[in-house]
$ cat query31.cif   # mmCIF, C-alpha atoms
data_target
loop_
_atom_site.group_PDB
_atom_site.id
_atom_site.type_symbol
_atom_site.label_atom_id
_atom_site.label_comp_id
_atom_site.auth_asym_id
_atom_site.auth_seq_id
_atom_site.Cartn_x
_atom_site.Cartn_y
_atom_site.Cartn_z
ATOM 1 C CA MET A 3 -20.757 33.556 42.893
ATOM 2 C CA THR A 4 -20.954 37.301 42.154
ATOM 3 C CA PHE A 5 -22.123 39.795 44.787
ATOM 4 C CA ARG A 6 -25.263 40.564 42.788
ATOM 5 C CA ARG A 7 -26.333 36.914 42.803
ATOM 6 C CA LEU A 8 -26.302 36.927 46.609
ATOM 7 C CA PHE A 9 -29.602 38.827 46.420
ATOM 8 C CA ASN A 10 -31.174 35.883 44.563
ATOM 9 C CA PRO A 11 -32.185 33.289 47.208
ATOM 10 C CA ILE A 12 -32.639 30.522 44.630
ATOM 11 C CA ALA A 13 -29.164 31.078 43.168
ATOM 12 C CA VAL A 14 -27.662 30.995 46.661
ATOM 13 C CA GLY A 15 -29.733 27.910 47.521
ATOM 14 C CA ARG A 16 -28.521 26.157 44.378
ATOM 15 C CA ALA A 17 -24.921 26.840 45.372
ATOM 16 C CA VAL A 18 -25.476 25.671 48.958
ATOM 17 C CA PHE A 19 -27.726 22.610 48.521
ATOM 18 C CA THR A 20 -26.814 21.103 45.122
ATOM 19 C CA PRO A 21 -23.926 18.601 44.799
ATOM 20 C CA SER A 22 -21.008 20.027 42.848
ATOM 21 C CA ARG A 23 -18.184 17.454 42.907
ATOM 22 C CA PRO A 24 -16.914 17.486 39.285
ATOM 23 C CA ASP A 25 -16.195 13.745 38.986
ATOM 24 C CA ARG A 26 -19.398 12.398 40.533
ATOM 25 C CA VAL A 27 -21.705 10.191 38.465
ATOM 26 C CA ARG A 28 -24.652 12.089 36.994
ATOM 27 C CA ASP A 29 -27.518 9.823 35.956
ATOM 28 C CA PRO A 30 -30.544 11.739 34.580
ATOM 29 C CA ALA A 31 -32.898 8.825 35.299
ATOM 30 C CA VAL A 32 -31.871 8.740 38.954
ATOM 31 C CA GLN A 33 -32.242 12.513 39.259
ATOM 32 C CA ARG A 34 -35.751 12.421 37.771
ATOM 33 C CA VAL A 35 -36.869 9.680 40.163
ATOM 34 C CA GLN A 36 -35.385 11.505 43.173
ATOM 35 C CA THR A 37 -37.146 14.734 42.215
ATOM 36 C CA LEU A 38 -40.461 12.958 41.567
ATOM 37 C CA ARG A 39 -40.250 11.191 44.943
ATOM 38 C CA ALA A 40 -39.590 14.471 46.768
ATOM 39 C CA VAL A 41 -42.410 16.335 44.994
ATOM 40 C CA LEU A 42 -44.960 13.539 45.483
ATOM 41 C CA GLY A 43 -43.984 13.245 49.145
ATOM 42 C CA LEU A 44 -44.516 16.947 49.791
ATOM 43 C CA ALA A 45 -47.780 16.990 47.812
ATOM 44 C CA ALA A 46 -49.118 13.982 49.732
ATOM 45 C CA VAL A 47 -48.428 15.584 53.113
ATOM 46 C CA VAL A 48 -50.100 18.879 52.088
ATOM 47 C CA TRP A 49 -53.125 17.044 50.671
ATOM 48 C CA MET A 50 -53.564 14.976 53.826
ATOM 49 C CA LEU A 51 -53.322 18.035 56.059
ATOM 50 C CA LEU A 52 -55.965 19.897 54.070
ATOM 51 C CA SER A 53 -58.276 16.946 53.468
ATOM 52 C CA TYR A 54 -58.572 15.912 57.092
ATOM 53 C CA GLY A 55 -59.082 19.334 58.629
ATOM 54 C CA LEU A 56 -55.756 19.695 60.358
ATOM 55 C CA ALA A 57 -55.543 23.249 59.087
ATOM 56 C CA ALA A 58 -58.664 24.384 60.959
ATOM 57 C CA ASP A 59 -56.568 26.020 63.676
ATOM 58 C CA ALA A 60 -53.707 27.576 61.753
ATOM 59 C CA ASP A 61 -51.695 28.612 64.817
ATOM 60 C CA ALA A 62 -51.909 25.150 66.363
ATOM 61 C CA VAL A 63 -50.929 23.500 63.084
ATOM 62 C CA ILE A 64 -47.945 25.815 62.642
ATOM 63 C CA ASP A 65 -46.763 25.197 66.200
ATOM 64 C CA ASP A 66 -47.221 21.440 65.772
ATOM 65 C CA ARG A 67 -45.400 21.323 62.439
ATOM 66 C CA PHE A 68 -42.555 23.528 63.700
ATOM 67 C CA GLY A 69 -42.219 21.272 66.719
ATOM 68 C CA GLN A 70 -42.057 18.228 64.456
ATOM 69 C CA ILE A 71 -39.564 19.917 62.117
ATOM 70 C CA ARG A 72 -37.415 20.954 65.076
ATOM 71 C CA THR A 73 -37.369 17.391 66.426
ATOM 72 C CA ASN A 74 -36.590 15.975 62.999
ATOM 73 C CA LEU A 75 -33.784 18.464 62.396
ATOM 74 C CA ILE A 76 -32.201 17.576 65.730
ATOM 75 C CA ALA A 77 -32.347 13.917 64.715
ATOM 76 C CA LEU A 78 -30.881 14.728 61.291
ATOM 77 C CA ALA A 79 -28.155 16.923 62.780
ATOM 78 C CA VAL A 80 -27.080 14.015 64.979
ATOM 79 C CA THR A 81 -27.603 11.183 62.495
ATOM 80 C CA LEU A 82 -25.915 12.754 59.462
ATOM 81 C CA PRO A 83 -22.423 13.186 60.960
ATOM 82 C CA VAL A 84 -22.647 9.903 62.885
ATOM 83 C CA ALA A 85 -23.708 7.925 59.799
ATOM 84 C CA VAL A 86 -21.081 9.578 57.594
ATOM 85 C CA ALA A 87 -18.445 9.033 60.288
ATOM 86 C CA GLY A 88 -19.373 5.356 60.380
ATOM 87 C CA PHE A 89 -19.110 5.137 56.581
ATOM 88 C CA VAL A 90 -15.731 6.885 56.583
ATOM 89 C CA THR A 91 -14.420 4.751 59.465
ATOM 90 C CA ALA A 92 -15.383 1.583 57.584
ATOM 91 C CA ALA A 93 -13.292 2.692 54.601
ATOM 92 C CA ARG A 94 -9.681 1.634 54.219
ATOM 93 C CA PRO A 95 -7.021 4.308 54.818
ATOM 94 C CA PRO A 96 -6.420 5.366 51.185
ATOM 95 C CA HIS A 97 -10.141 6.069 50.788
ATOM 96 C CA ARG A 98 -10.834 7.302 54.301
ATOM 97 C CA GLY A 99 -9.033 10.610 53.970
ATOM 98 C CA VAL A 100 -10.668 11.395 50.612
ATOM 99 C CA LEU A 101 -14.175 10.750 51.959
ATOM 100 C CA LEU A 102 -13.510 12.769 55.094
ATOM 101 C CA ARG A 103 -12.276 15.798 53.163
ATOM 102 C CA ARG A 104 -15.499 15.815 51.135
ATOM 103 C CA PHE A 105 -17.725 16.118 54.221
ATOM 104 C CA GLY A 106 -17.492 19.921 54.501
ATOM 105 C CA LYS A 107 -20.117 20.857 51.906
ATOM 106 C CA PRO A 108 -22.817 18.423 53.143
ATOM 107 C CA ALA A 109 -22.240 19.660 56.699
ATOM 108 C CA GLY A 110 -22.575 23.237 55.458
ATOM 109 C CA ALA A 111 -25.858 22.402 53.697
ATOM 110 C CA LEU A 112 -27.322 20.922 56.881
ATOM 111 C CA LEU A 113 -26.173 23.909 58.940
ATOM 112 C CA ALA A 114 -27.593 26.389 56.399
ATOM 113 C CA LEU A 115 -31.037 24.748 56.358
ATOM 114 C CA THR A 116 -31.159 24.439 60.135
ATOM 115 C CA THR A 117 -30.268 28.113 60.476
ATOM 116 C CA ALA A 118 -32.827 29.208 57.865
ATOM 117 C CA LEU A 119 -35.626 27.391 59.689
ATOM 118 C CA ALA A 120 -34.524 28.550 63.145
ATOM 119 C CA VAL A 121 -33.950 32.263 62.471
ATOM 120 C CA PRO A 122 -37.631 33.364 62.276
ATOM 121 C CA ARG A 123 -38.366 31.663 65.591
ATOM 122 C CA LEU A 124 -35.236 33.109 67.185
ATOM 123 C CA ILE A 125 -36.197 36.640 66.145
ATOM 124 C CA THR A 126 -39.474 36.432 68.070
ATOM 125 C CA GLY A 127 -38.517 33.811 70.661
ATOM 126 C CA LEU A 128 -35.693 35.808 72.232
ATOM 127 C CA GLY A 129 -38.168 38.471 73.290
ATOM 128 C CA TYR A 130 -36.538 41.434 71.581
ATOM 129 C CA ILE A 131 -39.461 41.705 69.152
ATOM 130 C CA ASP A 132 -43.103 40.983 69.895
ATOM 131 C CA GLU A 133 -46.570 42.094 68.813
ATOM 132 C CA ASP A 134 -46.337 45.180 71.077
ATOM 133 C CA THR A 135 -43.071 46.470 69.590
ATOM 134 C CA ASP A 136 -43.358 50.138 68.606
ATOM 135 C CA TRP A 137 -41.610 50.271 65.251
ATOM 136 C CA THR A 138 -42.071 54.041 64.903
ATOM 137 C CA ALA A 139 -40.362 54.915 68.201
ATOM 138 C CA SER A 140 -37.186 55.925 66.394
ATOM 139 C CA PRO A 141 -35.721 56.082 62.861
ATOM 140 C CA TRP A 142 -33.468 53.158 63.745
ATOM 141 C CA ARG A 143 -36.471 50.966 64.508
ATOM 142 C CA VAL A 144 -38.062 51.883 61.196
ATOM 143 C CA LEU A 145 -34.813 50.958 59.475
ATOM 144 C CA LEU A 146 -34.680 47.699 61.442
ATOM 145 C CA LEU A 147 -38.269 46.899 60.386
ATOM 146 C CA PHE A 148 -37.399 47.280 56.688
ATOM 147 C CA ALA A 149 -34.156 45.314 57.114
ATOM 148 C CA LEU A 150 -35.910 42.433 58.877
ATOM 149 C CA GLY A 151 -38.704 42.436 56.315
ATOM 150 C CA ALA A 152 -36.255 42.286 53.414
ATOM 151 C CA PHE A 153 -34.232 39.562 55.113
ATOM 152 C CA LEU A 154 -37.283 37.389 55.823
ATOM 153 C CA LEU A 155 -38.535 37.853 52.256
ATOM 154 C CA TRP A 156 -35.158 36.542 51.079
ATOM 155 C CA LEU A 157 -35.016 33.780 53.688
ATOM 156 C CA GLY A 158 -38.444 32.313 52.833
ATOM 157 C CA PRO A 159 -37.653 31.132 49.277
ATOM 158 C CA PHE A 160 -34.140 30.136 50.346
ATOM 159 C CA GLY A 161 -35.504 27.891 53.107
ATOM 160 C CA LEU A 162 -38.240 26.349 50.948
ATOM 161 C CA TYR A 163 -35.791 25.678 48.126
ATOM 162 C CA GLY A 164 -33.374 24.203 50.655
ATOM 163 C CA ILE A 165 -36.015 21.803 51.996
ATOM 164 C CA VAL A 166 -36.807 20.500 48.509
ATOM 165 C CA GLN A 167 -33.145 20.173 47.549
ATOM 166 C CA ALA A 168 -32.321 18.497 50.860
ATOM 167 C CA LEU A 169 -35.016 15.907 50.119
ATOM 168 C CA VAL A 170 -33.790 15.349 46.578
ATOM 169 C CA HIS A 171 -30.035 15.362 47.233
ATOM 170 C CA VAL A 172 -29.978 14.256 50.904
ATOM 171 C CA PHE A 173 -27.947 17.285 51.981
ATOM 172 C CA ARG A 174 -25.673 16.981 48.921
ATOM 173 C CA THR A 175 -23.970 13.854 50.321
ATOM 174 C CA ALA A 176 -23.276 12.705 46.753
ATOM 175 C CA ASP A 177 -20.325 15.091 47.078
ATOM 176 C CA ILE A 178 -18.858 12.498 49.466
ATOM 177 C CA HIS A 179 -19.803 9.427 47.383
ATOM 178 C CA GLU A 180 -22.687 8.509 45.081
ATOM 179 C CA THR A 181 -23.830 5.581 47.248
ATOM 180 C CA ILE A 182 -24.250 7.639 50.424
ATOM 181 C CA PRO A 183 -27.496 9.498 49.476
ATOM 182 C CA PRO A 184 -29.616 6.347 48.986
ATOM 183 C CA LEU A 185 -28.144 4.695 52.085
ATOM 184 C CA LEU A 186 -28.529 7.782 54.243
ATOM 185 C CA ALA A 187 -32.014 8.604 52.912
ATOM 186 C CA THR A 188 -33.210 5.125 53.890
ATOM 187 C CA LEU A 189 -31.746 5.437 57.380
ATOM 188 C CA LEU A 190 -33.167 8.910 57.952
ATOM 189 C CA VAL A 191 -36.739 8.228 56.798
ATOM 190 C CA TRP A 192 -37.052 5.151 58.984
ATOM 191 C CA GLU A 193 -35.617 7.078 61.909
ATOM 192 C CA LEU A 194 -38.137 9.888 61.382
ATOM 193 C CA ALA A 195 -40.965 7.350 61.067
ATOM 194 C CA VAL A 196 -40.044 5.947 64.476
ATOM 195 C CA ILE A 197 -39.936 9.480 65.921
ATOM 196 C CA ASP A 198 -43.391 10.218 64.467
ATOM 197 C CA LEU A 199 -44.750 7.021 66.012
ATOM 198 C CA LEU A 200 -43.304 7.860 69.421
ATOM 199 C CA ASN A 201 -44.581 11.451 69.270
ATOM 200 C CA GLY A 202 -48.028 10.534 67.935
ATOM 201 C CA SER A 203 -47.656 13.084 65.140
ATOM 202 C CA TYR A 204 -50.822 12.057 63.231
ATOM 203 C CA GLU A 205 -53.097 10.872 66.020
ATOM 204 C CA SER A 206 -56.052 12.944 64.808
ATOM 205 C CA MET A 207 -56.157 11.123 61.468
ATOM 206 C CA PRO A 208 -57.940 7.869 60.578
ATOM 207 C CA LEU A 209 -55.797 4.780 61.075
ATOM 208 C CA GLY A 210 -55.355 4.088 57.362
ATOM 209 C CA VAL A 211 -54.226 7.631 56.612
ATOM 210 C CA ARG A 212 -51.922 7.619 59.638
ATOM 211 C CA LEU A 213 -50.253 4.430 58.407
ATOM 212 C CA VAL A 214 -49.804 5.907 54.924
ATOM 213 C CA LEU A 215 -48.227 9.093 56.272
ATOM 214 C CA THR A 216 -45.999 7.232 58.712
ATOM 215 C CA PHE A 217 -44.829 4.348 56.531
ATOM 216 C CA GLY A 218 -45.461 5.575 52.972
ATOM 217 C CA ALA A 219 -42.303 7.680 52.847
ATOM 218 C CA PRO A 220 -39.953 5.041 54.359
ATOM 219 C CA LEU A 221 -41.216 2.303 52.047
ATOM 220 C CA SER A 222 -41.081 4.443 48.895
ATOM 221 C CA VAL A 223 -37.676 5.912 49.756
ATOM 222 C CA THR A 224 -36.295 2.430 50.472
ATOM 223 C CA ALA A 225 -37.567 1.172 47.107
ATOM 224 C CA VAL A 226 -36.039 4.147 45.275
ATOM 225 C CA ALA A 227 -32.753 3.726 47.181
ATOM 226 C CA LEU A 228 -32.461 0.032 46.281
ATOM 227 C CA TRP A 229 -33.184 0.828 42.634
ATOM 228 C CA GLU A 230 -30.633 3.658 42.678
ATOM 229 C CA LEU A 231 -27.904 1.454 44.216
ATOM 230 C CA ARG A 232 -28.611 -1.277 41.665
ATOM 231 C CA ARG A 233 -28.442 1.221 38.775
ATOM 232 C CA LEU A 234 -25.195 2.723 40.062
ATOM 233 C CA ARG A 235 -23.685 -0.749 40.203
ATOM 234 C CA SER A 236 -24.998 -2.069 36.880
ATOM 235 C CA ARG A 237 -24.686 1.082 34.741
ATOM 236 C CA HIS A 238 -21.692 2.860 36.273
ATOM 237 C CA GLY A 239 -19.773 0.281 38.287
ATOM 238 C CA VAL A 240 -20.172 2.348 41.484
ATOM 239 C CA THR A 241 -20.609 0.269 44.641
ATOM 240 C CA VAL A 242 -20.421 0.647 48.394
ATOM 241 C CA ARG A 243 -17.500 -1.803 48.494
ATOM 242 C CA GLY A 244 -15.664 0.329 45.957
ATOM 243 C CA ALA A 245 -16.238 3.463 48.041
ATOM 244 C CA LEU A 246 -14.823 1.711 51.081
ATOM 245 C CA GLY A 247 -11.892 0.265 49.129
ATOM 246 C CA ARG A 248 -12.840 -3.317 49.986
#
$ encode --input "query31.cif" --output "structure tokens"
Amino acid sequence: MTFRRLFNPIAVGRAVFTPSRPDRVRDPAVQRVQTLRAVLGLAAVVWMLLSYGLAADADAVIDDRFGQIRTNLIALAVTLPVAVAGFVTAARPPHRGVLLRRFGKPAGALLALTTALAVPRLITGLGYIDEDTDWTASPWRVLLLFALGAFLLWLGPFGLYGIVQALVHVFRTADIHETIPPLLATLLVWELAVIDLLNGSYESMPLGVRLVLTFGAPLSVTAVALWELRRLRSRHGVTVRGALGR
């Protein structure tokens, strides 16, 4: 990537969050279904939030959603390496080393997204900057204001693009093996559904809507994952047993 492209958050996001292993299977039908599932999932959540008045108190909604995102990211940060480690451990030695060496880029994608979502909160949460900060107290503060503004303007599209790509490509785990994204996506969505149930994330909604928001994503993702695994096996001869060398 050239230095000039570093100023383009989408170009950087594409390099960070999109699988790039040259020999991986690329199936356009699978990619279209993954993208459609991610877009419909995001649209459904936004529609539910707006339709049922959850956006009436913007500050409360933002705090609630950031709290939920933070909890989910902690769960993802723990689950992703543990699940991949279990997959790699189950592989036979000739395959184990290959799978392990491919883990770097997915780990980097998870770290990049976590950092992008945490930075804005860290800037204000550490107490160095608040609503009473006098930005005109010195030329350095004026310069800092412009630098922070430019950085946050860059970080916003990068983070949003990263969220969408993380949903579509499951933190680019296809770079490890093609069967890992559907398996990991299924595990993660059911884990997050359990977390939402325990936290009461949608208690203010009617029961039917709450059930749709809680279980709609796990059921749809599971269906897509089973279809994707079947297509990988029938069209490309790619299987979990093959990845594990068994």
$ atom_distance --input "query31.cif" --atom1 "atom CA of Leu190 of chain A" --atom2 "atom CA of Leu101 of chain A"
20.0 Å
$ residues_around --input "query31.cif" --residues "segment 154-156 of chain A" --least-positions-apart "4" --cutoff "12 Å" --atoms "all atoms listed in the file" --output "list of chain:residue names"
A:Leu8, A:Phe9, A:Asn10, A:Pro11, A:Ile12, A:Ala13, A:Val14, A:Gly15, A:Ala118, A:Leu119, A:Ala120, A:Val121, A:Pro122, A:Arg123, A:Ile125, A:Leu147, A:Phe148, A:Ala149, A:Leu150, A:Phe160, A:Gly161, A:Leu162, A:Tyr163
$ axis_aligned_box --input "query31.cif" --around "segment 116-122 of chain A" --padding-each-side "8 Å" --output "AutoDock Vina command-line options"
--center_x -33.9 --center_y 28.9 --center_z 60.5 --size_x 23.4 --size_y 24.9 --size_z 21.3
$ resolve_selection --input "query31.cif" --expression "the PyMOL selection byres ((chain A and resi 31) around 12)" --output "short mmCIF file (atom, residue, chain, number, x, y, z; two decimals) with C-alpha atoms, in the frame of the given file"
data_model
loop_
_atom_site.label_atom_id
_atom_site.label_comp_id
_atom_site.auth_asym_id
_atom_site.auth_seq_id
_atom_site.Cartn_x
_atom_site.Cartn_y
_atom_site.Cartn_z
CA VAL A 27 -21.70 10.19 38.47
CA ARG A 28 -24.65 12.09 36.99
CA ASP A 29 -27.52 9.82 35.96
CA PRO A 30 -30.54 11.74 34.58
CA VAL A 32 -31.87 8.74 38.95
CA GLN A 33 -32.24 12.51 39.26
CA ARG A 34 -35.75 12.42 37.77
CA VAL A 35 -36.87 9.68 40.16
CA GLN A 36 -35.38 11.50 43.17
CA THR A 37 -37.15 14.73 42.22
CA LEU A 38 -40.46 12.96 41.57
CA VAL A 226 -36.04 4.15 45.28
CA TRP A 229 -33.18 0.83 42.63
CA GLU A 230 -30.63 3.66 42.68
CA ARG A 233 -28.44 1.22 38.78
CA LEU A 234 -25.20 2.72 40.06
CA ARG A 237 -24.69 1.08 34.74
#
$ resolve_selection --input "query31.cif" --expression "the PyMOL selection byres ((chain A and resi 75-92) around 10)" --output "JSON, numbers by chain"
{"A": [69, 70, 71, 72, 73, 74, 93, 94, 95, 97, 98, 99, 100, 101, 102, 105, 108, 109, 112, 113, 115, 116, 119, 172, 173, 175, 178, 182, 185, 186, 187, 189, 190, 191, 193, 194, 197, 242, 243, 245, 246, 247, 248]}
$ resolve_selection --input "query31.cif" --expression "the PyMOL selection byres ((chain A and resi 20) around 10)" --output "list in words"
Gly15, Arg16, Ala17, Val18, Phe19, Pro21, Ser22, Arg23, Lys107, Pro108, Ala111, Gly164, Gln167, Ala168, Val170, His171, Val172, Phe173, Arg174, Thr175, Ala176 and Asp177 of chain A
$ atom_distance --input "query31.cif" --atom1 "atom CA of Ala195 of chain A" --atom2 "atom CA of Leu157 of chain A"
28.1 Å
$ atom_distance --input "query31.cif" --atom1 "atom CA of Thr181 of chain A" --atom2 "atom CA of Leu228 of chain A"
10.3 Å
$ closest_residue --input "query31.cif" --among "A:Leu124, A:Leu231, A:Val240, A:Leu169" --to "Ala219 of chain A" --atoms "all atoms listed in the file"
A:Leu169
$ closest_residue --input "query31.cif" --among "A:Ala114, A:Leu145, A:Ala225, A:Val166" --to "Val41 of chain A" --atoms "only C-alpha atoms"
A:Val166
$ decode --input "query31.cif" --residues "segment 231-241 of chain A" --atoms "all heavy atoms" --output "PDB file, in the first residue's frame"
ATOM      1  N   LEU A 231     -21.086 -24.382   4.024  1.00  0.00           N
ATOM      2  CA  LEU A 231     -20.268 -25.590   4.210  1.00  0.00           C
ATOM      3  C   LEU A 231     -20.639 -26.665   3.186  1.00  0.00           C
ATOM      4  O   LEU A 231     -19.758 -27.349   2.645  1.00  0.00           O
ATOM      5  CB  LEU A 231     -20.456 -26.130   5.632  1.00  0.00           C
ATOM      6  CG  LEU A 231     -19.810 -25.303   6.750  1.00  0.00           C
ATOM      7  CD1 LEU A 231     -20.278 -25.794   8.116  1.00  0.00           C
ATOM      8  CD2 LEU A 231     -18.287 -25.356   6.655  1.00  0.00           C
ATOM      9  N   ARG A 232     -21.931 -26.792   2.921  1.00  0.00           N
ATOM     10  CA  ARG A 232     -22.379 -27.784   1.931  1.00  0.00           C
ATOM     11  C   ARG A 232     -21.874 -27.406   0.539  1.00  0.00           C
ATOM     12  O   ARG A 232     -21.425 -28.271  -0.225  1.00  0.00           O
ATOM     13  CB  ARG A 232     -23.908 -27.860   1.938  1.00  0.00           C
ATOM     14  CG  ARG A 232     -24.484 -28.891   0.970  1.00  0.00           C
ATOM     15  CD  ARG A 232     -25.995 -28.969   1.129  1.00  0.00           C
ATOM     16  NE  ARG A 232     -26.565 -29.926   0.207  1.00  0.00           N
ATOM     17  CZ  ARG A 232     -26.881 -29.667  -1.060  1.00  0.00           C
ATOM     18  NH1 ARG A 232     -26.663 -28.456  -1.562  1.00  0.00           N
ATOM     19  NH2 ARG A 232     -27.398 -30.602  -1.836  1.00  0.00           N
ATOM     20  N   ARG A 233     -21.923 -26.123   0.196  1.00  0.00           N
ATOM     21  CA  ARG A 233     -21.460 -25.686  -1.130  1.00  0.00           C
ATOM     22  C   ARG A 233     -19.947 -25.855  -1.264  1.00  0.00           C
ATOM     23  O   ARG A 233     -19.461 -26.263  -2.320  1.00  0.00           O
ATOM     24  CB  ARG A 233     -21.859 -24.225  -1.357  1.00  0.00           C
ATOM     25  CG  ARG A 233     -21.555 -23.739  -2.780  1.00  0.00           C
ATOM     26  CD  ARG A 233     -22.074 -22.342  -3.006  1.00  0.00           C
ATOM     27  NE  ARG A 233     -21.721 -21.847  -4.328  1.00  0.00           N
ATOM     28  CZ  ARG A 233     -22.448 -22.015  -5.421  1.00  0.00           C
ATOM     29  NH1 ARG A 233     -23.606 -22.674  -5.356  1.00  0.00           N
ATOM     30  NH2 ARG A 233     -22.058 -21.538  -6.591  1.00  0.00           N
ATOM     31  N   LEU A 234     -19.208 -25.544  -0.205  1.00  0.00           N
ATOM     32  CA  LEU A 234     -17.761 -25.745  -0.251  1.00  0.00           C
ATOM     33  C   LEU A 234     -17.411 -27.215  -0.484  1.00  0.00           C
ATOM     34  O   LEU A 234     -16.481 -27.535  -1.233  1.00  0.00           O
ATOM     35  CB  LEU A 234     -17.125 -25.259   1.061  1.00  0.00           C
ATOM     36  CG  LEU A 234     -17.008 -23.756   1.258  1.00  0.00           C
ATOM     37  CD1 LEU A 234     -16.575 -23.432   2.687  1.00  0.00           C
ATOM     38  CD2 LEU A 234     -16.022 -23.144   0.258  1.00  0.00           C
ATOM     39  N   ARG A 235     -18.189 -28.097   0.144  1.00  0.00           N
ATOM     40  CA  ARG A 235     -17.917 -29.523  -0.005  1.00  0.00           C
ATOM     41  C   ARG A 235     -18.325 -30.030  -1.383  1.00  0.00           C
ATOM     42  O   ARG A 235     -17.567 -30.744  -2.052  1.00  0.00           O
ATOM     43  CB  ARG A 235     -18.674 -30.319   1.073  1.00  0.00           C
ATOM     44  CG  ARG A 235     -18.396 -31.826   1.019  1.00  0.00           C
ATOM     45  CD  ARG A 235     -19.195 -32.591   2.058  1.00  0.00           C
ATOM     46  NE  ARG A 235     -20.629 -32.580   1.766  1.00  0.00           N
ATOM     47  CZ  ARG A 235     -21.533 -31.898   2.444  1.00  0.00           C
ATOM     48  NH1 ARG A 235     -21.169 -31.150   3.472  1.00  0.00           N
ATOM     49  NH2 ARG A 235     -22.814 -31.945   2.108  1.00  0.00           N
ATOM     50  N   SER A 236     -19.521 -29.636  -1.849  1.00  0.00           N
ATOM     51  CA  SER A 236     -20.039 -30.202  -3.094  1.00  0.00           C
ATOM     52  C   SER A 236     -19.422 -29.563  -4.337  1.00  0.00           C
ATOM     53  O   SER A 236     -19.212 -30.232  -5.350  1.00  0.00           O
ATOM     54  CB  SER A 236     -21.568 -30.050  -3.130  1.00  0.00           C
ATOM     55  OG  SER A 236     -21.936 -28.677  -3.092  1.00  0.00           O
ATOM     56  N   ARG A 237     -19.135 -28.264  -4.288  1.00  0.00           N
ATOM     57  CA  ARG A 237     -18.623 -27.563  -5.468  1.00  0.00           C
ATOM     58  C   ARG A 237     -17.099 -27.506  -5.524  1.00  0.00           C
ATOM     59  O   ARG A 237     -16.511 -27.464  -6.616  1.00  0.00           O
ATOM     60  CB  ARG A 237     -19.169 -26.127  -5.500  1.00  0.00           C
ATOM     61  CG  ARG A 237     -20.666 -26.024  -5.692  1.00  0.00           C
ATOM     62  CD  ARG A 237     -21.091 -26.498  -7.066  1.00  0.00           C
ATOM     63  NE  ARG A 237     -22.507 -26.324  -7.295  1.00  0.00           N
ATOM     64  CZ  ARG A 237     -23.056 -25.251  -7.859  1.00  0.00           C
ATOM     65  NH1 ARG A 237     -22.283 -24.243  -8.235  1.00  0.00           N
ATOM     66  NH2 ARG A 237     -24.355 -25.168  -8.041  1.00  0.00           N
ATOM     67  N   HIS A 238     -16.453 -27.490  -4.351  1.00  0.00           N
ATOM     68  CA  HIS A 238     -15.002 -27.258  -4.342  1.00  0.00           C
ATOM     69  C   HIS A 238     -14.210 -28.337  -3.616  1.00  0.00           C
ATOM     70  O   HIS A 238     -12.975 -28.270  -3.589  1.00  0.00           O
ATOM     71  CB  HIS A 238     -14.702 -25.894  -3.697  1.00  0.00           C
ATOM     72  CG  HIS A 238     -15.480 -24.761  -4.303  1.00  0.00           C
ATOM     73  ND1 HIS A 238     -15.165 -24.232  -5.539  1.00  0.00           N
ATOM     74  CD2 HIS A 238     -16.563 -24.064  -3.845  1.00  0.00           C
ATOM     75  CE1 HIS A 238     -16.020 -23.246  -5.815  1.00  0.00           C
ATOM     76  NE2 HIS A 238     -16.873 -23.143  -4.816  1.00  0.00           N
ATOM     77  N   GLY A 239     -14.893 -29.304  -3.029  1.00  0.00           N
ATOM     78  CA  GLY A 239     -14.191 -30.374  -2.335  1.00  0.00           C
ATOM     79  C   GLY A 239     -13.477 -29.923  -1.074  1.00  0.00           C
ATOM     80  O   GLY A 239     -12.538 -30.583  -0.612  1.00  0.00           O
ATOM     81  N   VAL A 240     -13.913 -28.820  -0.480  1.00  0.00           N
ATOM     82  CA  VAL A 240     -13.284 -28.271   0.733  1.00  0.00           C
ATOM     83  C   VAL A 240     -14.122 -28.689   1.934  1.00  0.00           C
ATOM     84  O   VAL A 240     -15.314 -28.378   2.004  1.00  0.00           O
ATOM     85  CB  VAL A 240     -13.188 -26.739   0.648  1.00  0.00           C
ATOM     86  CG1 VAL A 240     -12.633 -26.170   1.955  1.00  0.00           C
ATOM     87  CG2 VAL A 240     -12.310 -26.313  -0.518  1.00  0.00           C
ATOM     88  N   THR A 241     -13.518 -29.371   2.886  1.00  0.00           N
ATOM     89  CA  THR A 241     -14.229 -29.869   4.054  1.00  0.00           C
ATOM     90  C   THR A 241     -13.437 -29.594   5.325  1.00  0.00           C
ATOM     91  O   THR A 241     -12.232 -29.302   5.285  1.00  0.00           O
ATOM     92  CB  THR A 241     -14.465 -31.383   3.956  1.00  0.00           C
ATOM     93  OG1 THR A 241     -13.183 -32.052   3.972  1.00  0.00           O
ATOM     94  CG2 THR A 241     -15.217 -31.750   2.682  1.00  0.00           C
TER      95      THR A 241
END
